[in-house]
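Below: one structure, written as structure tokens.
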Amino acid sequence: MGRWAFDVAFVWKAVLTLGLVLLYYCFSIGITFYNKWLTKSFHFPLFMTMLHLAVIFLFSALSRALVQCSSHRARVVLSWTDYLRRVAPTALATALDVGLSNWSFLYITVSLYTMTKSSAVLFILIFSLIFKLEELRAALVLVVLLIAGGLFMFTYKSTQFNVEGFALVLGASFIGGIRWTLTQMLLQKAELGLQNPIDTMFHLQPLMFLGLFPLFAIFEGLHLSTSEKIFRFQDTGLLLRVLGSLFLGGILAFGLGFSEFLLVSRTSSLTLSIAGIFKEVCTLLLAAHLLGDQISLLNWLGFALCLSGISLHVALKALHSRGDGGPKPSKGLGSHPDLELLLRSGQPEEDDNEEEEAYFVAQGQQ
């Protein structure tokens, strides 16, 4: 009887983990192909990103209200001083990372974007060393060399290489290194009470919107105001289709954040990191099959070299955690660049209860 119960529990956990991974894949891969699809006909990626931020803020505010009504406990609201001094740098870096990433889809293929964006781990490690969130070790140097070498091999003599798009996404990866470092430092400040991703998203989105607005005004404002697809629209049906497509992207972005949170809270950050590695492979295969992206043997070898570096970093994290006597909050940063707003530090038991509430809220939204 005991053996049977153990088998059932094991199978149930495996099925749950697989379901959460597939949910994460749907949102993560879906938003990548969605962004590429939309930018083919809608050439205003910064406006698209800003609308996504507004949708994420709307859903996070609604989630906070539902949790507060069900738990009868007030959610954290930061003072203006803490908000501007501590949250603003993280929000600005996040806005530039997301904005430049979406902007790059105007010029490059999904495969080149996926590979270059994977190099964010490289910059995360560099800034982790600068801010002393990681200690310099020979293994980390090897990780950096593997990822950098893989990125060079993937882009070398690529037939679909675009300098402008590559510069945008590489810049996004560089800023992403700063972003994740600042995010880790922000979430380690327990007195702010932003350990819950709902509260983090709620506080970040307005400043991200404001941080991205100057770029939008300079590069897209005039063109958007004179375009028939938005401000000078003549066909109401076309306008509604455009706004509906943009709103769908916001739902995907919010779903991605929650699916990552569900996967981490129900399994571990290591599971998310490993799932993220296989997700990159799936994205490249789909890009080659569905979009016709041309990937040479040298490019595939470069991608494999980069993934080996990321995998080594994940393995080092797992060994470090086991050596400390079990899973503990990591001093460093998440191993995967898509770990949006979910880098976690130690939390009291009350925060665990909040995570349970967030889990049910997320189920209701998806």
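Ordered as shown in the structure tokens, chains take letters A, B, and onward, while each chain numbers its residues from 1 and ligands are numbered from 1 in the order shown.
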Neighbours of A:Val55 within 10 Å (only C-alpha atoms; same-chain residues fewer than 3 positions away dropped), as JSON, numbers by chain? {"A": [49, 50, 51, 52, 58, 59, 60, 61, 205, 246, 247, 248, 249, 250, 251, 252, 253, 254]}
Taking only C-alpha atoms into account, produce a table as a tab-separated table in which each residue of stretch 164-259 of chain A with an atom at most 8 Å from an atom of stretch 63-78 of chain A appears once, together with its shortest atom pair and the distance in Å to one decimal, ordered by chain and rising number.
```
residue	atom	partner	partner_atom	distance
A:Leu192	CA	A:Leu78	CA	7.1
A:Gly193	CA	A:Val76	CA	6.4
A:Leu194	CA	A:Val76	CA	7.6
A:Ile198	CA	A:Arg64	CA	6.8
A:Asp199	CA	A:Val76	CA	7.1
```
Please identify all polymer residues within 12 Å of A:Leu112, counting only C-alpha atoms, omitting same-chain residues fewer than 3 positions from it, and present them as JSON, numbers by chain. {"A": [32, 36, 101, 104, 105, 107, 108, 109, 115, 116, 117, 118, 119, 151, 152, 153, 154, 155, 156, 158, 159, 160, 161, 162, 163, 165, 166, 167, 168, 169, 170, 280, 283, 284, 287, 288, 293, 294, 295, 296, 299, 300, 302, 303]}
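Here atom CA of A:Ser128 and atom CA of A:Met185 stand 10.4 Å from one another.
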When you look at stretch 89-94 of chain A with a cut-off of 12 Å (counting only C-alpha atoms), what residues show up, excluding the ones that are within fewer than 6 positions of it in the same chain? I need them as number ranges by chain. A: 49, 53, 82-83, 100-101, 171-187, 200-215, 337-338, 340-341
Smallest atom-to-atom distance to A:Gly309: which of A:Leu285, A:Ala217, A:Leu291, A:Val141, using only C-alpha atoms?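 The shortest atom-to-atom distance to A:Gly309 comes from A:Val141.
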Taking the DSSP assignment computed from this structure's backbone, write out as a ChimeraX atom specification all residues of stretch 97-322 of chain A that belong to helix (DSSP H, G or I). /A:97-104,110-118,120-130,138-155,163-187,190-192,197-219,221-225,236-266,269-290,297-322
With distances taken over only C-alpha atoms, which of A:Pro45, A:Ala275, A:Asp97, A:Leu222 is nearest to A:Leu263?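 For A:Leu263, the nearest of the given residues is A:Ala275.
Across A:Trp12, A:Phe33, A:Phe231, A:Phe27, the tightest approach to A:Leu286 is made by A:Phe33 when counting only C-alpha atoms.
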Find the residues around A:His43 up to 9 Å (only C-alpha atoms counted), leave out those fewer than 6 positions away in its own chain, and share them as a list of chain:residue names. A:Trp103, A:Leu106, A:Glu220, A:Leu224
Using N, CA, C and O atoms, can you write the selected residues to a file as a short mmCIF file (atom, residue, chain, number, x, y, z; two decimals), in the first residue's frame?
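selection_17.cif written:
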```cif
data_model
loop_
_atom_site.label_atom_id
_atom_site.label_comp_id
_atom_site.auth_asym_id
_atom_site.auth_seq_id
_atom_site.Cartn_x
_atom_site.Cartn_y
_atom_site.Cartn_z
N TRP A 103 12.47 45.65 -30.31
CA TRP A 103 12.89 46.48 -31.44
C TRP A 103 13.72 45.67 -32.43
O TRP A 103 13.61 45.84 -33.65
N LEU A 106 12.50 43.78 -35.74
CA LEU A 106 12.32 44.43 -37.03
C LEU A 106 13.40 44.04 -38.02
O LEU A 106 13.21 44.15 -39.24
N GLU A 220 9.38 56.82 -32.64
CA GLU A 220 8.13 56.31 -33.20
C GLU A 220 6.96 57.27 -33.09
O GLU A 220 5.95 57.08 -33.78
N LEU A 224 3.92 57.08 -35.68
CA LEU A 224 2.72 56.43 -35.18
C LEU A 224 1.51 57.35 -35.33
O LEU A 224 0.41 56.91 -35.68
#
```
